[in-house]
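As provided, upload_32.txt (compact mmCIF, C-alpha atoms and all ligand atoms) reads as follows.
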```txt
# COMPACT_ATOMS: atom_id res chain seq x y z
CA MET A 8 109.05 100.96 86.90
CA MET A 9 107.18 101.33 90.17
CA SER A 10 106.92 98.16 92.23
CA PHE A 11 103.69 96.40 93.21
CA GLY A 12 103.89 97.61 96.80
CA ASN A 13 104.50 101.25 95.86
CA GLN A 14 101.71 101.23 93.27
CA VAL A 15 99.14 99.88 95.73
CA GLN A 16 100.19 102.39 98.37
CA LEU A 17 100.13 105.33 95.99
CA LYS A 18 96.74 104.44 94.49
CA VAL A 19 95.22 104.28 97.96
CA TYR A 20 96.89 107.52 99.12
CA GLN A 21 95.62 109.28 95.97
CA GLN A 22 92.22 107.66 96.52
CA ILE A 23 92.22 106.22 93.00
CA GLU A 24 91.53 102.97 94.74
CA LYS A 25 89.48 103.13 97.89
CA ASN A 26 89.98 100.68 100.68
CA ILE A 27 86.54 99.13 100.90
CA ILE A 28 87.60 96.99 103.82
CA PRO A 29 89.87 97.73 106.78
CA VAL A 30 93.59 97.31 106.18
CA SER A 31 94.67 95.95 109.55
CA TYR A 32 93.85 92.32 110.40
CA GLU A 33 92.43 93.28 113.77
CA GLU A 34 89.97 95.76 112.26
CA LEU A 35 89.13 93.36 109.46
CA GLU A 36 88.09 90.75 112.00
CA ALA A 37 86.17 93.28 114.09
CA LYS A 38 84.25 94.49 111.04
CA ALA A 39 83.45 90.93 109.97
CA LYS A 40 82.09 90.32 113.45
CA GLU A 41 79.75 93.29 113.01
CA VAL A 42 78.26 92.04 109.73
CA LEU A 43 78.08 88.28 110.33
CA ASP A 44 75.70 86.39 112.60
CA ALA A 45 77.43 85.02 115.68
CA LYS A 46 77.35 81.36 114.58
CA PRO A 47 79.17 81.70 111.23
CA PHE A 48 81.48 84.40 112.61
CA TYR A 49 82.70 82.16 115.42
CA TYR A 50 82.87 79.15 113.13
CA VAL A 51 85.55 81.07 111.22
CA ALA A 52 87.19 83.02 114.00
CA ALA A 53 87.27 80.54 116.85
CA SER A 54 89.59 77.61 117.35
CA ALA A 55 89.96 74.49 119.46
CA GLY A 56 89.87 74.37 123.27
CA ALA A 57 91.13 77.44 125.10
CA GLU A 58 92.54 78.75 121.77
CA VAL A 59 96.08 78.78 123.13
CA THR A 60 97.55 77.55 119.86
CA ALA A 61 95.54 80.02 117.82
CA VAL A 62 96.89 82.90 119.91
CA GLN A 63 100.43 81.50 119.89
CA ASN A 64 100.32 81.09 116.10
CA ASN A 65 100.40 84.86 115.83
CA ARG A 66 102.59 85.69 118.81
CA ALA A 67 105.29 83.21 117.79
CA PHE A 68 106.13 85.40 114.79
CA ASP A 69 107.20 88.15 117.22
CA LYS A 70 110.06 85.98 118.48
CA TRP A 71 111.74 86.36 115.10
CA GLN A 72 113.16 89.79 114.44
CA ILE A 73 114.09 91.06 111.01
CA VAL A 74 117.54 92.63 110.81
CA PRO A 75 117.32 94.76 107.63
CA ARG A 76 120.32 95.33 105.35
CA MET A 77 121.08 98.73 103.78
CA LEU A 78 122.35 100.05 100.43
CA CYS A 79 121.34 96.96 98.45
CA ASP A 80 119.62 98.59 95.42
CA THR A 81 116.15 97.21 95.93
CA SER A 82 114.61 99.47 93.29
CA SER A 83 113.23 96.55 91.32
CA ARG A 84 111.93 93.36 92.90
CA ASP A 85 110.76 89.96 91.80
CA LEU A 86 108.16 88.30 94.02
CA SER A 87 107.67 85.25 91.82
CA ILE A 88 108.49 81.65 92.67
CA GLU A 89 108.42 78.36 90.83
CA LEU A 90 106.46 75.42 92.20
CA PHE A 91 106.05 72.06 90.47
CA GLY A 92 107.35 73.47 87.20
CA LYS A 93 104.95 76.45 87.17
CA LYS A 94 105.72 80.07 87.82
CA LEU A 95 103.58 81.74 90.49
CA SER A 96 103.49 85.54 90.64
CA TYR A 97 103.73 85.60 94.45
CA PRO A 98 104.75 83.21 97.22
CA VAL A 99 101.14 83.19 98.42
CA LEU A 100 98.18 80.82 98.03
CA LEU A 101 94.63 80.92 99.36
CA ALA A 102 94.25 78.17 101.98
CA PRO A 103 91.47 75.62 101.66
CA VAL A 104 88.50 76.80 103.67
CA GLY A 105 85.27 74.82 103.66
CA VAL A 106 81.65 75.93 103.36
CA GLN A 107 82.38 79.53 102.40
CA SER A 108 78.74 80.31 101.69
CA ILE A 109 78.24 80.76 105.44
CA VAL A 110 79.91 84.18 105.11
CA HIS A 111 78.87 85.17 101.57
CA PRO A 112 76.29 83.66 99.19
CA ASP A 113 78.83 83.37 96.34
CA GLY A 114 81.23 81.57 98.69
CA GLU A 115 84.07 79.77 96.90
CA LEU A 116 82.98 81.15 93.51
CA ALA A 117 83.77 84.69 94.68
CA THR A 118 87.06 83.55 96.19
CA ALA A 119 87.96 81.76 92.96
CA ARG A 120 87.21 84.89 90.90
CA ALA A 121 89.43 86.96 93.18
CA ALA A 122 92.22 84.39 93.09
CA ALA A 123 92.13 84.30 89.29
CA ALA A 124 92.13 88.11 89.06
CA MET A 125 95.15 88.31 91.38
CA ASP A 126 96.98 85.32 89.85
CA VAL A 127 97.11 83.66 93.26
CA PRO A 128 96.31 79.92 93.39
CA PHE A 129 93.13 78.95 95.21
CA ILE A 130 93.16 75.63 97.07
CA ALA A 131 89.54 74.50 96.86
CA SER A 132 88.33 72.40 99.81
CA THR A 133 86.58 69.03 99.63
CA ALA A 134 84.17 70.64 102.09
CA SER A 135 83.19 73.46 99.74
CA THR A 136 79.64 74.65 99.20
CA TYR A 137 80.11 74.72 95.44
CA SER A 138 81.40 71.73 93.51
CA LEU A 139 85.03 71.63 92.48
CA GLU A 140 83.91 71.79 88.82
CA LYS A 141 81.87 74.99 89.36
CA ILE A 142 84.85 76.55 91.13
CA ALA A 143 87.18 75.56 88.28
CA ASP A 144 84.74 76.95 85.70
CA THR A 145 85.09 80.46 87.15
CA MET A 146 88.88 80.38 86.96
CA GLY A 147 89.78 79.89 83.28
CA ASP A 148 93.42 78.77 83.13
CA SER A 149 94.33 80.35 86.46
CA PRO A 150 96.25 78.21 88.94
CA ARG A 151 94.18 76.11 91.33
CA TRP A 152 94.87 73.22 93.66
CA TYR A 153 92.44 70.78 95.23
CA GLN A 154 92.37 69.86 98.92
CA LEU A 155 91.27 66.34 99.74
CA TYR A 156 89.56 65.23 102.90
CA TRP A 157 90.26 61.55 102.62
CA SER A 158 86.91 59.94 103.13
CA GLY A 159 86.34 56.70 105.04
CA ASP A 160 84.94 55.49 101.71
CA HIS A 161 88.11 55.22 99.59
CA GLU A 162 86.17 55.16 96.34
CA VAL A 163 84.69 58.59 97.17
CA ALA A 164 88.19 59.92 97.86
CA ALA A 165 89.45 58.48 94.56
CA SER A 166 86.51 59.99 92.73
CA MET A 167 87.22 63.46 94.16
CA VAL A 168 90.86 63.27 93.07
CA LYS A 169 89.95 62.15 89.56
CA ARG A 170 87.32 64.88 89.24
CA ALA A 171 89.92 67.45 90.31
CA GLU A 172 92.44 66.27 87.74
CA ALA A 173 89.76 66.34 85.02
CA ALA A 174 88.75 69.89 86.05
CA GLY A 175 92.28 71.23 85.57
CA TYR A 176 93.54 71.45 89.15
CA ASP A 177 97.35 71.54 89.35
CA ALA A 178 98.04 69.72 92.63
CA ILE A 179 96.34 67.67 95.35
CA VAL A 180 96.68 68.72 98.99
CA ILE A 181 95.76 65.95 101.44
CA THR A 182 94.83 67.37 104.84
CA LEU A 183 95.89 64.96 107.58
CA ASP A 184 95.01 66.84 110.75
CA THR A 185 91.20 66.72 110.51
CA SER A 186 90.19 63.06 110.49
CA MET A 187 87.60 64.32 112.97
CA MET A 188 86.62 67.78 114.14
CA GLY A 189 88.61 69.27 117.03
CA TRP A 190 86.94 70.35 120.29
CA ARG A 191 85.62 73.76 119.21
CA GLU A 192 83.92 75.21 122.24
CA LYS A 193 82.14 78.09 120.50
CA ASP A 194 80.59 75.83 117.87
CA ILE A 195 79.48 73.34 120.53
CA GLU A 196 77.91 76.16 122.58
CA HIS A 197 76.15 77.35 119.42
CA ALA A 198 75.22 73.79 118.37
CA TYR A 199 76.54 74.82 114.96
CA LEU A 200 78.02 72.59 112.31
CA PRO A 201 77.37 73.99 108.82
CA PHE A 202 77.79 70.53 107.27
CA LEU A 203 74.49 69.46 108.74
CA GLU A 204 72.85 71.58 106.04
CA ALA A 205 72.90 71.06 102.28
CA GLN A 206 75.17 74.09 101.69
CA GLY A 207 77.89 72.38 103.73
CA ILE A 208 78.18 69.32 101.52
CA GLY A 209 77.65 70.82 98.05
CA ASN A 210 80.81 69.30 96.61
CA TYR A 211 79.79 65.83 97.81
CA LEU A 212 76.30 66.22 96.38
CA GLU A 213 77.81 66.42 92.89
CA ASP A 214 80.08 63.42 93.34
CA PRO A 215 78.79 60.44 91.34
CA VAL A 216 80.29 57.83 93.69
CA PHE A 217 78.90 59.58 96.79
CA CYS A 218 75.46 59.80 95.16
CA SER A 219 75.61 56.15 94.07
CA ARG A 220 75.69 55.20 97.76
CA LEU A 221 72.27 56.83 98.33
CA ALA A 222 68.95 55.09 97.86
CA CYS A 223 67.52 58.14 96.05
CA PRO A 224 68.87 61.46 94.66
CA PRO A 225 69.98 63.78 97.49
CA GLN A 226 67.35 66.39 96.56
CA GLU A 227 64.66 63.85 97.46
CA ASP A 228 66.15 62.98 100.85
CA MET A 229 68.74 65.54 101.99
CA GLN A 230 68.76 64.12 105.49
CA ALA A 231 69.97 60.76 104.21
CA ALA A 232 72.74 62.51 102.22
CA ILE A 233 73.86 64.42 105.31
CA MET A 234 73.88 61.24 107.40
CA LEU A 235 75.95 59.47 104.75
CA TRP A 236 78.38 62.42 104.72
CA ALA A 237 78.67 62.25 108.53
CA SER A 238 79.43 58.55 108.40
CA ILE A 239 82.19 58.77 105.80
CA PHE A 240 83.65 62.29 106.21
CA GLY A 241 86.71 61.43 108.28
CA ASN A 242 89.02 58.49 108.35
CA PRO A 243 91.06 58.22 111.56
CA ALA A 244 92.18 54.70 110.56
CA LEU A 245 94.52 55.96 107.81
CA THR A 246 98.22 55.12 108.00
CA TRP A 247 101.25 56.00 105.90
CA LYS A 248 100.75 52.78 103.91
CA ASP A 249 97.45 54.12 102.54
CA LEU A 250 99.19 56.96 100.69
CA ASP A 251 99.99 54.65 97.78
CA PHE A 252 96.28 54.30 97.07
CA ILE A 253 95.85 58.03 96.41
CA LYS A 254 99.12 58.24 94.48
CA GLN A 255 97.76 55.59 92.13
CA GLN A 256 94.69 57.73 91.37
CA THR A 257 96.50 60.75 89.93
CA SER A 258 99.57 62.02 88.17
CA LEU A 259 99.30 65.40 89.91
CA PRO A 260 101.81 66.46 92.60
CA ILE A 261 100.64 65.50 96.09
CA LEU A 262 101.24 67.64 99.19
CA LEU A 263 100.50 66.70 102.80
CA LYS A 264 98.94 69.44 104.93
CA GLY A 265 99.08 69.43 108.71
CA ILE A 266 102.65 68.22 109.26
CA LEU A 267 104.21 69.51 112.50
CA HIS A 268 106.75 66.85 113.51
CA PRO A 269 110.10 66.58 111.68
CA ASP A 270 109.85 62.76 111.72
CA ASP A 271 106.51 62.98 109.90
CA ALA A 272 108.15 65.29 107.36
CA LYS A 273 110.83 62.63 106.80
CA LEU A 274 108.16 59.93 106.45
CA ALA A 275 106.34 62.09 103.93
CA VAL A 276 109.48 62.32 101.81
CA GLU A 277 110.15 58.58 102.17
CA HIS A 278 106.62 57.89 100.94
CA GLY A 279 107.25 59.93 97.82
CA VAL A 280 105.06 62.98 98.36
CA ASP A 281 105.88 66.11 96.40
CA GLY A 282 105.43 68.76 99.07
CA ILE A 283 104.63 69.46 102.71
CA ILE A 284 102.42 72.09 104.29
CA VAL A 285 103.43 72.88 107.86
CA SER A 286 100.16 73.78 109.57
CA ASN A 287 98.17 73.34 112.76
CA HIS A 288 94.93 74.19 110.94
CA GLY A 289 94.87 77.67 112.42
CA GLY A 290 94.71 76.20 115.94
CA ARG A 291 91.34 74.60 115.14
CA GLN A 292 92.32 71.00 115.85
CA VAL A 293 94.82 70.32 118.68
CA ASP A 294 94.81 73.10 121.24
CA GLY A 295 98.27 73.22 122.77
CA ALA A 296 99.90 72.17 119.49
CA ILE A 297 103.15 73.86 118.53
CA PRO A 298 102.74 77.13 116.58
CA ALA A 299 103.33 76.44 112.91
CA ILE A 300 106.12 79.01 112.57
CA ASP A 301 107.96 77.30 115.46
CA ALA A 302 107.61 73.89 113.81
CA LEU A 303 108.94 75.16 110.48
CA PRO A 304 112.74 75.38 111.10
CA ASP A 305 113.13 71.77 112.31
CA ILE A 306 111.06 70.49 109.42
CA VAL A 307 113.10 72.48 106.91
CA GLU A 308 116.24 70.94 108.41
CA ALA A 309 114.80 67.41 108.36
CA VAL A 310 113.74 67.64 104.72
CA HIS A 311 117.05 68.99 103.36
CA GLY A 312 115.41 70.65 100.36
CA GLN A 313 114.13 67.34 98.96
CA VAL A 314 110.59 68.71 98.53
CA PRO A 315 109.13 72.22 98.83
CA ILE A 316 107.73 73.19 102.22
CA LEU A 317 104.81 75.60 102.53
CA MET A 318 103.28 76.87 105.76
CA ASP A 319 100.13 78.41 107.18
CA SER A 320 98.51 79.29 110.52
CA GLY A 321 99.00 82.84 111.66
CA ILE A 322 99.93 84.72 108.48
CA ARG A 323 98.43 88.16 108.99
CA ARG A 324 100.87 90.67 107.49
CA GLY A 325 103.72 91.08 105.01
CA SER A 326 106.35 90.69 107.72
CA ASP A 327 104.89 87.26 108.63
CA ILE A 328 105.36 86.17 105.03
CA LEU A 329 108.93 87.49 105.03
CA LYS A 330 109.74 85.59 108.24
CA ALA A 331 108.21 82.32 107.05
CA LEU A 332 110.13 82.46 103.77
CA SER A 333 113.36 83.42 105.55
CA LEU A 334 112.92 80.32 107.73
CA GLY A 335 112.71 78.13 104.64
CA ALA A 336 109.08 78.08 103.51
CA LYS A 337 108.69 78.25 99.74
CA ALA A 338 105.29 79.91 100.04
CA VAL A 339 102.56 80.63 102.58
CA LEU A 340 98.82 80.05 102.70
CA ILE A 341 96.43 82.77 103.81
CA GLY A 342 93.32 81.60 105.72
CA ARG A 343 91.09 83.71 107.94
CA PRO A 344 92.09 87.13 106.55
CA TYR A 345 90.58 86.39 103.13
CA MET A 346 87.46 84.88 104.72
CA TYR A 347 86.84 88.23 106.41
CA GLY A 348 87.42 90.03 103.09
CA LEU A 349 84.88 87.68 101.51
CA ALA A 350 82.37 88.30 104.29
CA LEU A 351 82.67 92.07 103.92
CA ALA A 352 82.80 92.57 100.17
CA GLY A 353 82.75 89.30 98.21
CA ASP A 354 85.43 88.89 95.56
CA GLU A 355 86.41 92.57 95.84
CA GLY A 356 87.09 92.02 99.53
CA VAL A 357 89.24 88.95 98.89
CA LYS A 358 91.17 90.85 96.21
CA GLN A 359 91.79 93.73 98.55
CA VAL A 360 93.05 91.50 101.36
CA LEU A 361 95.45 89.88 98.90
CA ARG A 362 96.55 93.20 97.40
CA ASN A 363 97.25 94.68 100.81
CA MET A 364 99.14 91.68 102.08
CA ILE A 365 101.28 91.32 98.96
CA ALA A 366 102.00 95.07 98.86
CA ASP A 367 103.02 94.97 102.53
CA PHE A 368 105.28 91.96 101.80
CA ASP A 369 106.85 93.67 98.78
CA LEU A 370 107.65 96.83 100.76
CA THR A 371 108.97 94.86 103.75
CA LEU A 372 111.19 92.83 101.40
CA ALA A 373 112.64 95.96 99.82
CA LEU A 374 113.13 97.77 103.12
CA SER A 375 114.92 94.70 104.48
CA GLY A 376 117.45 95.01 101.65
CA LYS A 377 116.21 92.12 99.48
CA ARG A 378 115.18 92.10 95.83
CA SER A 379 113.63 88.68 95.48
CA VAL A 380 112.15 85.81 97.39
CA GLN A 381 115.21 83.73 96.45
CA GLU A 382 117.45 86.10 98.41
CA LEU A 383 115.63 85.39 101.67
CA ASN A 384 117.31 83.17 104.25
CA ARG A 385 117.75 82.75 107.96
CA GLU A 386 120.60 85.31 108.08
CA LEU A 387 117.98 88.04 107.82
CA LEU A 388 116.47 87.00 111.17
CA LYS A 389 117.54 87.09 114.80
CA LYS A 390 115.67 85.05 117.41
CA GLY A 391 114.64 87.46 120.15
C1 LIG B 401 86.48 78.45 108.58
C2 LIG B 401 87.66 77.60 108.24
C3 LIG B 401 87.45 76.44 107.49
C4 LIG B 401 88.55 75.67 107.13
N1 LIG B 401 88.34 74.59 106.29
C5 LIG B 401 89.40 73.86 105.89
C6 LIG B 401 89.22 72.82 104.95
O1 LIG B 401 88.14 72.58 104.46
N2 LIG B 401 90.31 72.10 104.60
C7 LIG B 401 91.56 72.35 105.12
O2 LIG B 401 92.52 71.67 104.77
N3 LIG B 401 91.75 73.37 105.99
C8 LIG B 401 90.71 74.12 106.37
N4 LIG B 401 90.91 75.17 107.20
C9 LIG B 401 92.27 75.48 107.68
C10 LIG B 401 92.99 76.43 106.69
O3 LIG B 401 93.29 75.78 105.49
C11 LIG B 401 94.30 76.94 107.30
O4 LIG B 401 95.11 75.86 107.68
C12 LIG B 401 94.07 77.88 108.48
O5 LIG B 401 92.98 78.73 108.23
C13 LIG B 401 95.32 78.69 108.78
O6 LIG B 401 95.16 79.46 109.93
P1 LIG B 401 94.82 81.04 109.92
O7 LIG B 401 93.54 81.19 109.18
O8 LIG B 401 94.66 81.38 111.37
O9 LIG B 401 95.98 81.73 109.28
C14 LIG B 401 89.84 75.99 107.57
C15 LIG B 401 90.04 77.15 108.33
C16 LIG B 401 88.97 77.95 108.65
C17 LIG B 401 89.22 79.21 109.43
C1 LIG B 402 83.36 67.64 110.31
C2 LIG B 402 84.59 68.43 110.10
C3 LIG B 402 84.55 69.28 108.87
C4 LIG B 402 85.69 70.21 108.85
C5 LIG B 402 85.82 70.84 107.52
C6 LIG B 402 86.21 72.25 107.56
C7 LIG B 402 87.45 72.49 108.33
O1 LIG B 402 88.49 71.97 108.02
C8 LIG B 402 87.41 73.38 109.48
O2 LIG B 402 88.48 73.65 110.06
O3 LIG B 402 86.32 73.84 109.86
```

Would it be possible to restate this file's structure as structure tokens?
Amino acid sequence: MMSFGNQVQLKVYQQIEKNIIPVSYEELEAKAKEVLDAKPFYYVAASAGAEVTAVQNNRAFDKWQIVPRMLCDTSSRDLSIELFGKKLSYPVLLAPVGVQSIVHPDGELATARAAAAMDVPFIASTASTYSLEKIADTMGDSPRWYQLYWSGDHEVAASMVKRAEAAGYDAIVITLDTSMMGWREKDIEHAYLPFLEAQGIGNYLEDPVFCSRLACPPQEDMQAAIMLWASIFGNPALTWKDLDFIKQQTSLPILLKGILHPDDAKLAVEHGVDGIIVSNHGGRQVDGAIPAIDALPDIVEAVHGQVPILMDSGIRRGSDILKALSLGAKAVLIGRPYMYGLALAGDEGVKQVLRNMIADFDLTLALSGKRSVQELNRELLKKG
């Protein structure tokens, strides 16, 4: 039977399936820039400060060189993994990205449709335009996780987690690195923060606890709702002790996103979390922070396999996925690439970005002499 990667390649070569969006990341971004207004484009594309970390996120992958093995019979491959007792078809998830309607009117609903069609879990953001229930409704039984921005109002955070569990989400991802917005020069120059409009806080507007804090329904005074959001969005006062509160709200597995220091990874395990996502938020928070792929090996070593480790920030191609998994990540999250697919062609664009990236990964795996994700380890890599 022909593998996923070969099928995708062949269909495109035979023009049975046309590439409606560019294949390379660089062209994908350039094309998105052409179709989007400057403010939303830079909200997605730009990062914090001088964007050193964002640039390094990608370059750091080049330090790791794949040393392929030959004559290994890679004619059939298995890309699946198991996470929290569930089989996933690929070691890939769609990263939480807020306010997706700034690039396409269907926003997260289109992304969710694409994720379901590709059997790739979508991590829906607290900061989504559409409510977590509307997103879930488009996905049937397909895998989905929920990302929590832990509000300064704990009861709102608890409500979000409970809503997610009721709507069939499989895991809760708590993002730790964005208790406030990083210094994003482009957005400041543009005076642009999409959350200062109703579309930016759609998921909050359908939260009963959030709405109970307002003097009147948000539709009657949107400005008051936005001001309330601004006052409770972040919570820089949180400490490790607070984790127990969220754990008491749900029986779902809990992952912490934004871990970069091995000691924080150890603390996460000590506090009983179920998984870690190594991430610097795509360079959008602390400029000068360590590239995520460079942080990964020490964290893998510190955690000793006690919980699964995922990573994001800089995944652009199949070889990036292969390197991250060889360094000990169980799976990777894709961020900006799918946002550009969404901007260019809605759910079809997201599907195509995923198809291309997974096909590239499958072929790179085979050509490196490996048949499954489980066979990947550090021996496949040399540090250049
Ligand atoms: C426009 C945009 C919005 C984002 N919104 C969120 C969010 O709501 N929650 C979150 O945890 N991470 C958010 N992220 C970070 C992503 O989940 C992910 O960590 C990042 O995009 C990875 O970097 P990369 O896109 O350069 O690969 C956002 C990223 C972008 C580009
Ligand atoms: C006020 C901060 C909202 C940030 C939510 C979206 C996000 O995480 C991002 O990187 O942008």

Contacts of region 253-270 of chain A at 8 Å or less, counting only C-alpha atoms, minus same-chain residues fewer than 4 places along, as a JSON list (two decimals) with C-alpha atoms, in the coordinates of the input?
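That gives us result.json:
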```
[["chain", "number", "residue", "atom", "x", "y", "z"],
["A", 91, "PHE", "CA", 106.05, 72.06, 90.47],
["A", 165, "ALA", "CA", 89.45, 58.48, 94.56],
["A", 168, "VAL", "CA", 90.86, 63.27, 93.07],
["A", 169, "LYS", "CA", 89.95, 62.15, 89.56],
["A", 172, "GLU", "CA", 92.44, 66.27, 87.74],
["A", 177, "ASP", "CA", 97.35, 71.54, 89.35],
["A", 178, "ALA", "CA", 98.04, 69.72, 92.63],
["A", 179, "ILE", "CA", 96.34, 67.67, 95.35],
["A", 180, "VAL", "CA", 96.68, 68.72, 98.99],
["A", 181, "ILE", "CA", 95.76, 65.95, 101.44],
["A", 182, "THR", "CA", 94.83, 67.37, 104.84],
["A", 183, "LEU", "CA", 95.89, 64.96, 107.58],
["A", 184, "ASP", "CA", 95.01, 66.84, 110.75],
["A", 249, "ASP", "CA", 97.45, 54.12, 102.54],
["A", 274, "LEU", "CA", 108.16, 59.93, 106.45],
["A", 275, "ALA", "CA", 106.34, 62.09, 103.93],
["A", 280, "VAL", "CA", 105.06, 62.98, 98.36],
["A", 281, "ASP", "CA", 105.88, 66.11, 96.40],
["A", 282, "GLY", "CA", 105.43, 68.76, 99.07],
["A", 283, "ILE", "CA", 104.63, 69.46, 102.71],
["A", 284, "ILE", "CA", 102.42, 72.09, 104.29],
["A", 285, "VAL", "CA", 103.43, 72.88, 107.86],
["A", 286, "SER", "CA", 100.16, 73.78, 109.57],
["A", 287, "ASN", "CA", 98.17, 73.34, 112.76],
["A", 288, "HIS", "CA", 94.93, 74.19, 110.94],
["A", 297, "ILE", "CA", 103.15, 73.86, 118.53],
["A", 299, "ALA", "CA", 103.33, 76.44, 112.91],
["A", 302, "ALA", "CA", 107.61, 73.89, 113.81],
["A", 303, "LEU", "CA", 108.94, 75.16, 110.48],
["A", 305, "ASP", "CA", 113.13, 71.77, 112.31],
["A", 306, "ILE", "CA", 111.06, 70.49, 109.42],
["A", 309, "ALA", "CA", 114.80, 67.41, 108.36],
["A", 310, "VAL", "CA", 113.74, 67.64, 104.72]]
```

Original post:
So what do you get for CA of Ala39 (chain A) versus CA of Ala131 (chain A), distance-wise?
Top reply: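 According to the coordinates, CA of Ala39 (chain A) and CA of Ala131 (chain A) are separated by 21.9 Å.
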
**OP:** List the neighbours of region 197-202 of chain A out to 7 Å using only C-alpha atoms; skip same-chain residues closer than 5 positions along the sequence, and give me the result as a list in words.
**Re:** Lys46, Gly207 and Ile208 of chain A

Subject >> Nearest-residue call for ligand LIG 401 (chain B), choices A:Glu115, A:Asp354, A:Glu140, A:Glu162, using all atoms listed in the file >> reply: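 Among the listed residues, A:Glu115 lies closest to ligand LIG 401 (chain B).
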
**OP:** Would you mind telling me which residue in A:Ser54, A:Ser10, A:Gln230, A:Ser238 lies nearest to Gly189 (chain A) when using all atoms listed in the file?
**Re:**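 Counting all atoms listed in the file, the residue closest to Gly189 (chain A) is A:Ser54.
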
Original post:
From the list A:Cys223, A:Val51, A:Val74, A:Ile316, which residue is nearest ligand LIG 402 (chain B) when using all atoms listed in the file?
Top reply: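 Ranking A:Cys223, A:Val51, A:Val74, A:Ile316 by distance to ligand LIG 402 (chain B), first place goes to A:Val51.
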
Original post:
Between A:Glu196, A:Glu41, A:Asp160, A:Asp126, which is the closest to Ser87 (chain A) once you count only C-alpha atoms?
Top reply: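 Of the candidates, the smallest distance to Ser87 (chain A) is held by A:Asp126.
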
Original post:
Looking at A:Leu351, A:Gly376, A:Arg385, A:Ala272, which one is nearest to Cys79 (chain A), with distances taken over only C-alpha atoms?
Top reply: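 The shortest atom-to-atom distance to Cys79 (chain A) comes from A:Gly376.
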
**OP:** Report as a ChimeraX atom specification which protein, DNA and RNA residues come within 7 Å of ligand LIG 401 (chain B), using only C-alpha atoms and all ligand atoms.
**Re:** /A:50-52,61,102-105,132-135,154,182,264,286-290,319-323,341-344

So that I have them on file, write out the residues from the current selection with C-alpha atoms, as a JSON list (two decimals), in the frame of the given file.
```json
[["chain", "number", "residue", "atom", "x", "y", "z"],
["A", 50, "TYR", "CA", 82.87, 79.15, 113.13],
["A", 51, "VAL", "CA", 85.55, 81.07, 111.22],
["A", 52, "ALA", "CA", 87.19, 83.02, 114.00],
["A", 61, "ALA", "CA", 95.54, 80.02, 117.82],
["A", 102, "ALA", "CA", 94.25, 78.17, 101.98],
["A", 103, "PRO", "CA", 91.47, 75.62, 101.66],
["A", 104, "VAL", "CA", 88.50, 76.80, 103.67],
["A", 105, "GLY", "CA", 85.27, 74.82, 103.66],
["A", 132, "SER", "CA", 88.33, 72.40, 99.81],
["A", 133, "THR", "CA", 86.58, 69.03, 99.63],
["A", 134, "ALA", "CA", 84.17, 70.64, 102.09],
["A", 135, "SER", "CA", 83.19, 73.46, 99.74],
["A", 154, "GLN", "CA", 92.37, 69.86, 98.92],
["A", 182, "THR", "CA", 94.83, 67.37, 104.84],
["A", 264, "LYS", "CA", 98.94, 69.44, 104.93],
["A", 286, "SER", "CA", 100.16, 73.78, 109.57],
["A", 287, "ASN", "CA", 98.17, 73.34, 112.76],
["A", 288, "HIS", "CA", 94.93, 74.19, 110.94],
["A", 289, "GLY", "CA", 94.87, 77.67, 112.42],
["A", 290, "GLY", "CA", 94.71, 76.20, 115.94],
["A", 319, "ASP", "CA", 100.13, 78.41, 107.18],
["A", 320, "SER", "CA", 98.51, 79.29, 110.52],
["A", 321, "GLY", "CA", 99.00, 82.84, 111.66],
["A", 322, "ILE", "CA", 99.93, 84.72, 108.48],
["A", 323, "ARG", "CA", 98.43, 88.16, 108.99],
["A", 341, "ILE", "CA", 96.43, 82.77, 103.81],
["A", 342, "GLY", "CA", 93.32, 81.60, 105.72],
["A", 343, "ARG", "CA", 91.09, 83.71, 107.94],
["A", 344, "PRO", "CA", 92.09, 87.13, 106.55]]
```

**OP:** Determine the nearest neighbour of ligand LIG 402 (chain B) from the options A:Ala67, A:Ile88, A:Leu317, A:Ala55, counting only C-alpha atoms and all ligand atoms.
**Re:** A:Ala55

Ligand LIG 402 (chain B), all listed atoms, 4 Å padding on each side: what axis-aligned box centre and edge lengths in Å to one decimal come out, as lines of an AutoDock Vina configuration file?
```
center_x = 85.9
center_y = 70.7
center_z = 108.9
size_x = 13.1
size_y = 14.2
size_z = 10.8
```

Subject >> Residues within 9 Å of (78.9, 57.2, 97.9), counting all atoms listed in the file, listed as a list in words >> reply: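 Final list of nearby residues, as requested, is Asp160, Glu162, Val163, Tyr211, Asp214, Pro215, Val216, Phe217, Cys218, Ser219, Arg220, Leu221, Leu235, Trp236 and Ile239 of chain A.
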
Keeping C-alpha atoms for every residue in the selection just given, could you write it to a file as a compact mmCIF listing (two decimals), in the frame of the given file?
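Output file selection20.txt follows:
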```
# COMPACT_ATOMS: atom_id res chain seq x y z
CA ASP A 160 84.94 55.49 101.71
CA GLU A 162 86.17 55.16 96.34
CA VAL A 163 84.69 58.59 97.17
CA TYR A 211 79.79 65.83 97.81
CA ASP A 214 80.08 63.42 93.34
CA PRO A 215 78.79 60.44 91.34
CA VAL A 216 80.29 57.83 93.69
CA PHE A 217 78.90 59.58 96.79
CA CYS A 218 75.46 59.80 95.16
CA SER A 219 75.61 56.15 94.07
CA ARG A 220 75.69 55.20 97.76
CA LEU A 221 72.27 56.83 98.33
CA LEU A 235 75.95 59.47 104.75
CA TRP A 236 78.38 62.42 104.72
CA ILE A 239 82.19 58.77 105.80
```

**OP:** Quick one: pull the distance between CA of Glu277 (chain A) and CA of Gln381 (chain A), Å, one decimal.
**Re:** 26.3 Å
